[in-house]
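To keep things clear, I will list the structure first and then write my remarks on it.
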Amino acid sequence: MKLNRLFAAALAAVALTSAHAGEVEVLHYWTSGGEAKSAAELKKIMQAKGHVWKDFAVAGGGGDNAATVLKSRVVSGNPPAAAQIKGPAIQEWASEGVLANLDAVAKAEKWDTLLPGVVANVMKHKGTYVAAPVNVHRVNWVWANPDVLKKAGVAGMPKTYDEFFAAADKIKAAGLIAVAHGGQNWQDFTTFESVVLGVGGAKFYDEALVKLDAKALASPTMTKSLETFRKIKGYTDAAAPGRDWNLATAMVMQGKAGFQFMGDWAKGEFLAAGKAPGKDFLCAAAPGTANAFTFNVDSFAMYKLKDAGAQKAQGDLAAAIMSPEFQEVFNLNKGSIPVRLNMSMAKFDDCAKLSSKDFVDTAKTGGLVPSVAHGMAISPAAEGAIKDAVSQFWNDDKISVAGAQKKIASAAMTK
Ligand code: GAL
């Protein structure tokens, strides 16, 4: 008799958790070493809550491929439970009426008190939370291999473009590649937006690349930015076209190249390879941008699903993403900093601590700007058109600076 009762109790317990357990299919594009390691932390937390994690990873840094696949899934009436969506794209998806309302979790977990206003606003559509923020990446970084700098006789990380090009010349003279770069348009724009920020400053960046002001786009400052951007191209290698961003990071890691302009997900690659900041690699604000911070906040939106188990899993996913435990372990791996306020930075390295300090300081000084390259600033349509104009200029030396400036200005009108 006792055994039966025990067996029945066990069955009930399984039934209870499975009634609340659900499958959560998550679309993301974190497929490099550091990214995958970070995504695995979210999977672990969800599995510990009894949910089934269905990984829907779409390769292709920067997320363009993932966005295409996501559209086809939603249009065919078969959306994933959650998808890596950020910035203005969240508003576009929310306007379609397909995103789940996360206010119940956000209120229960007091997200409004835990998020910087600039981030909370991006996660809301008409005042309702429709996405959960994961992190704060800083984009305006340059990564370097200290051994390459030493070999080339470069004293330290360049703070200005005069210092940068002098260092690049020395690295080239030492027979190494000065700038490791890859071949997607988001990589070109990651470099371009850091150059605009460094040449023109945060106010000009905002006028030209966020407000898309015609005068700013036609200004001598934009001309100088494009000239500086083109000059950087001369320090990349012929095999750059088509190269993935993390393979460019590997070139710096292996001492084949001196510098890489890249957001701090690059740090996730160094860390995943067991490299130590300050010893095996250096991080510094891109030239001229030490008092500025180009932010890129990854986030997950949940799609409306009918199944109660799936809805429960979505709520648990949103709560897990903003939990202190996940915020720490994920960002330690990803190279970003926690988006949740008042998190201890004790376990984070000096690059992250600088990022955390600068995020707060630049929010006060006006140096905090959204990354255009990473979908935080303008409509996806305008972003795509401007990225293409900039990449055509980067890839074709026959396009003049004046010609590119005109193309960017007309691309900026794309609705
Ligand atoms: C960014 C994304 C980062 C990283 C990077 C390279 O857009 O926000 O998390 O994945 O692309 O793929």
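Chain identifiers are assigned as A, B, and so on, following the order in which chains appear in the structure tokens; residues are numbered from 1 within each chain, and ligands are numbered from 1 in order of appearance.
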Q: Could you please extract the residues within 8 Å of ligand 1, counting only C-alpha atoms and all ligand atoms, and hand them back as a list of chain:residue names?
A: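 Taking only C-alpha atoms and all ligand atoms into account, the residues around ligand 1 at most 8 Å away are A:Tyr29, A:Trp30, A:Thr31, A:Ser32, A:Glu35, A:Gly60, A:Gly61, A:Gly62, A:Gly63, A:His137, A:Trp245, A:Gly263, A:Trp265, A:Asn296, A:Val297, A:Asp298, A:Lys334, A:Ala373, A:His374, A:Gly375.
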Using only all heavy atoms, please write the residues we just selected to a file, as a short mmCIF file (atom, residue, chain, number, x, y, z; two decimals), in the first residue's frame.
data_model
loop_
_atom_site.label_atom_id
_atom_site.label_comp_id
_atom_site.auth_asym_id
_atom_site.auth_seq_id
_atom_site.Cartn_x
_atom_site.Cartn_y
_atom_site.Cartn_z
N TYR A 29 21.64 34.69 -32.43
CA TYR A 29 22.74 34.52 -33.38
C TYR A 29 24.09 34.46 -32.69
O TYR A 29 25.13 34.82 -33.24
CB TYR A 29 22.72 35.61 -34.45
CG TYR A 29 22.64 37.04 -33.97
CD1 TYR A 29 23.78 37.78 -33.71
CD2 TYR A 29 21.41 37.67 -33.80
CE1 TYR A 29 23.71 39.11 -33.29
CE2 TYR A 29 21.32 38.99 -33.39
CZ TYR A 29 22.48 39.70 -33.13
OH TYR A 29 22.39 41.01 -32.72
N TRP A 30 24.08 33.97 -31.46
CA TRP A 30 25.33 33.86 -30.69
C TRP A 30 25.97 32.50 -30.95
O TRP A 30 25.76 31.52 -30.25
CB TRP A 30 25.01 34.03 -29.21
CG TRP A 30 24.66 35.45 -28.86
CD1 TRP A 30 25.11 36.59 -29.49
CD2 TRP A 30 23.79 35.89 -27.83
NE1 TRP A 30 24.56 37.70 -28.88
CE2 TRP A 30 23.77 37.31 -27.86
CE3 TRP A 30 23.03 35.24 -26.86
CZ2 TRP A 30 23.02 38.06 -26.96
CZ3 TRP A 30 22.28 36.00 -25.97
CH2 TRP A 30 22.28 37.39 -26.03
N THR A 31 26.79 32.46 -32.01
CA THR A 31 27.36 31.17 -32.44
C THR A 31 28.89 31.13 -32.36
O THR A 31 29.49 30.10 -32.58
CB THR A 31 26.95 30.87 -33.90
OG1 THR A 31 27.38 31.98 -34.70
CG2 THR A 31 25.44 30.69 -34.01
N SER A 32 29.52 32.28 -32.04
CA SER A 32 30.99 32.22 -31.92
C SER A 32 31.32 31.57 -30.57
O SER A 32 30.43 31.32 -29.75
CB SER A 32 31.57 33.63 -31.95
OG SER A 32 31.32 34.26 -30.70
N GLU A 35 30.26 33.77 -27.60
CA GLU A 35 28.79 33.97 -27.62
C GLU A 35 28.08 32.69 -27.20
O GLU A 35 27.17 32.71 -26.37
CB GLU A 35 28.34 34.37 -29.02
CG GLU A 35 28.80 35.74 -29.47
CD GLU A 35 28.47 35.98 -30.95
OE1 GLU A 35 28.42 35.02 -31.73
OE2 GLU A 35 28.25 37.14 -31.30
N GLY A 60 25.91 33.98 -38.06
CA GLY A 60 26.05 35.25 -38.79
C GLY A 60 26.08 36.40 -37.81
O GLY A 60 25.05 36.86 -37.34
N GLY A 61 27.31 36.83 -37.46
CA GLY A 61 27.44 37.89 -36.48
C GLY A 61 26.65 39.12 -36.90
O GLY A 61 26.42 39.36 -38.08
N GLY A 62 26.22 39.88 -35.89
CA GLY A 62 25.50 41.12 -36.20
C GLY A 62 24.00 40.90 -36.38
O GLY A 62 23.22 41.81 -36.23
N GLY A 63 23.60 39.65 -36.70
CA GLY A 63 22.17 39.33 -36.64
C GLY A 63 21.36 39.50 -37.90
O GLY A 63 20.15 39.23 -37.90
N HIS A 137 26.51 46.21 -24.08
CA HIS A 137 27.79 46.12 -24.79
C HIS A 137 28.24 47.54 -25.11
O HIS A 137 27.41 48.41 -25.40
CB HIS A 137 27.63 45.38 -26.12
CG HIS A 137 27.82 43.90 -26.04
ND1 HIS A 137 28.97 43.31 -25.57
CD2 HIS A 137 27.01 42.88 -26.40
CE1 HIS A 137 28.85 41.99 -25.62
NE2 HIS A 137 27.67 41.71 -26.12
N TRP A 245 33.73 38.22 -37.91
CA TRP A 245 34.34 39.14 -36.92
C TRP A 245 35.23 38.40 -35.93
O TRP A 245 36.30 38.88 -35.56
CB TRP A 245 33.26 39.89 -36.17
CG TRP A 245 32.44 39.02 -35.25
CD1 TRP A 245 31.31 38.32 -35.56
CD2 TRP A 245 32.71 38.74 -33.87
NE1 TRP A 245 30.87 37.61 -34.48
CE2 TRP A 245 31.70 37.86 -33.42
CE3 TRP A 245 33.68 39.14 -32.98
CZ2 TRP A 245 31.66 37.37 -32.11
CZ3 TRP A 245 33.66 38.68 -31.68
CH2 TRP A 245 32.65 37.80 -31.25
N GLY A 263 33.14 45.84 -30.92
CA GLY A 263 32.45 45.91 -29.63
C GLY A 263 33.03 44.88 -28.67
O GLY A 263 33.75 43.96 -29.08
N TRP A 265 31.98 42.24 -27.33
CA TRP A 265 31.79 40.80 -27.51
C TRP A 265 33.09 40.18 -27.97
O TRP A 265 33.30 38.99 -27.81
CB TRP A 265 30.64 40.49 -28.47
CG TRP A 265 30.65 41.29 -29.71
CD1 TRP A 265 31.24 40.96 -30.89
CD2 TRP A 265 30.08 42.60 -29.91
NE1 TRP A 265 31.07 41.97 -31.81
CE2 TRP A 265 30.37 42.99 -31.23
CE3 TRP A 265 29.34 43.48 -29.10
CZ2 TRP A 265 29.95 44.21 -31.78
CZ3 TRP A 265 28.93 44.69 -29.63
CH2 TRP A 265 29.23 45.04 -30.95
N ASN A 296 25.03 49.20 -26.94
CA ASN A 296 24.34 48.16 -27.73
C ASN A 296 23.76 47.18 -26.73
O ASN A 296 24.49 46.44 -26.08
CB ASN A 296 25.35 47.49 -28.65
CG ASN A 296 24.79 46.22 -29.26
OD1 ASN A 296 23.59 46.09 -29.46
ND2 ASN A 296 25.66 45.25 -29.54
N VAL A 297 22.42 47.23 -26.54
CA VAL A 297 21.77 46.39 -25.53
C VAL A 297 21.08 45.20 -26.21
O VAL A 297 20.14 45.37 -26.98
CB VAL A 297 20.73 47.22 -24.75
CG1 VAL A 297 19.94 46.33 -23.79
CG2 VAL A 297 21.43 48.35 -23.98
N ASP A 298 21.60 44.02 -25.93
CA ASP A 298 20.93 42.82 -26.46
C ASP A 298 19.66 42.58 -25.65
O ASP A 298 19.63 42.85 -24.45
CB ASP A 298 21.84 41.60 -26.31
CG ASP A 298 22.95 41.60 -27.35
OD1 ASP A 298 22.62 41.81 -28.54
OD2 ASP A 298 24.12 41.42 -26.98
N LYS A 334 30.23 37.09 -21.79
CA LYS A 334 29.88 37.74 -23.06
C LYS A 334 30.78 38.92 -23.39
O LYS A 334 30.86 39.35 -24.54
CB LYS A 334 28.42 38.18 -23.00
CG LYS A 334 27.84 38.68 -24.33
CD LYS A 334 27.66 37.55 -25.34
CE LYS A 334 26.85 37.97 -26.54
NZ LYS A 334 27.44 39.10 -27.31
N ALA A 373 25.32 50.75 -35.88
CA ALA A 373 25.78 49.48 -36.48
C ALA A 373 25.03 48.30 -35.89
O ALA A 373 24.84 47.28 -36.55
CB ALA A 373 27.28 49.30 -36.25
N HIS A 374 24.58 48.45 -34.62
CA HIS A 374 23.98 47.29 -33.93
C HIS A 374 22.51 47.52 -33.59
O HIS A 374 22.00 47.05 -32.59
CB HIS A 374 24.84 46.91 -32.72
CG HIS A 374 26.18 46.47 -33.18
ND1 HIS A 374 26.42 45.20 -33.67
CD2 HIS A 374 27.33 47.16 -33.37
CE1 HIS A 374 27.67 45.13 -34.10
NE2 HIS A 374 28.23 46.30 -33.94
N GLY A 375 21.87 48.29 -34.47
CA GLY A 375 20.42 48.33 -34.44
C GLY A 375 19.80 49.03 -33.26
O GLY A 375 18.68 48.71 -32.85
#
Q: Might you pull out every residue within 12 Å of Thr113 (chain A), with only C-alpha atoms counted and same-chain residues fewer than 3 positions away left off, and present them as a list in words?
A: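 Listing them by chain and then by number gives Ala106, Lys107, Ala108, Glu109, Lys110, Pro116, Gly117, Val119, Ala120, Met322, Val339, Arg340, Leu341 and Asn342 of chain A.
Taking CA of Gln405 (chain A) and CA of Met222 (chain A) as endpoints, the distance between them is 7.5 Å.
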Q: May I have all residues of region 149-368 of chain A that DSSP, computed from the backbone, assigns to strand (DSSP E or B), given as a list in words?
A: Ile177, Ala178, Val179, Ala257, Gly258, Phe259, Gln260, Phe261, Pro277, Phe281, Leu282, Cys283, Ala284, Ala285, Phe293, Thr294, Phe295, Asn296, Ser299, Phe300, Ala301, Met302, Tyr303, Ile337 and Leu368 of chain A
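Using only C-alpha atoms, the shortest contact distance between Ser356 (chain A) and any of A:Gln311, A:Asn135, A:Ser38, A:Ser400 is found at A:Asn135.
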Q: Rank nothing, just name the residue among A:Ser379, A:Ser410, A:Thr249, A:Asn333 nearest to Trp143 (chain A), using only C-alpha atoms.
A: A:Thr249
Q. Which residue gives the smallest distance to Pro133 (chain A) among A:Ala216, A:Ile399, A:Ala180, A:Ala320, with only C-alpha atoms counted?
A.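 That would be A:Ala320, the residue with the smallest distance to Pro133 (chain A).
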Q) Of the residues A:Leu354, A:Ala272, A:Ala285, A:Leu176, which is the one nearest to Ala36 (chain A), using only C-alpha atoms? A)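 Going through A:Leu354, A:Ala272, A:Ala285, A:Leu176 one by one, the smallest distance to Ala36 (chain A) is for A:Ala272.
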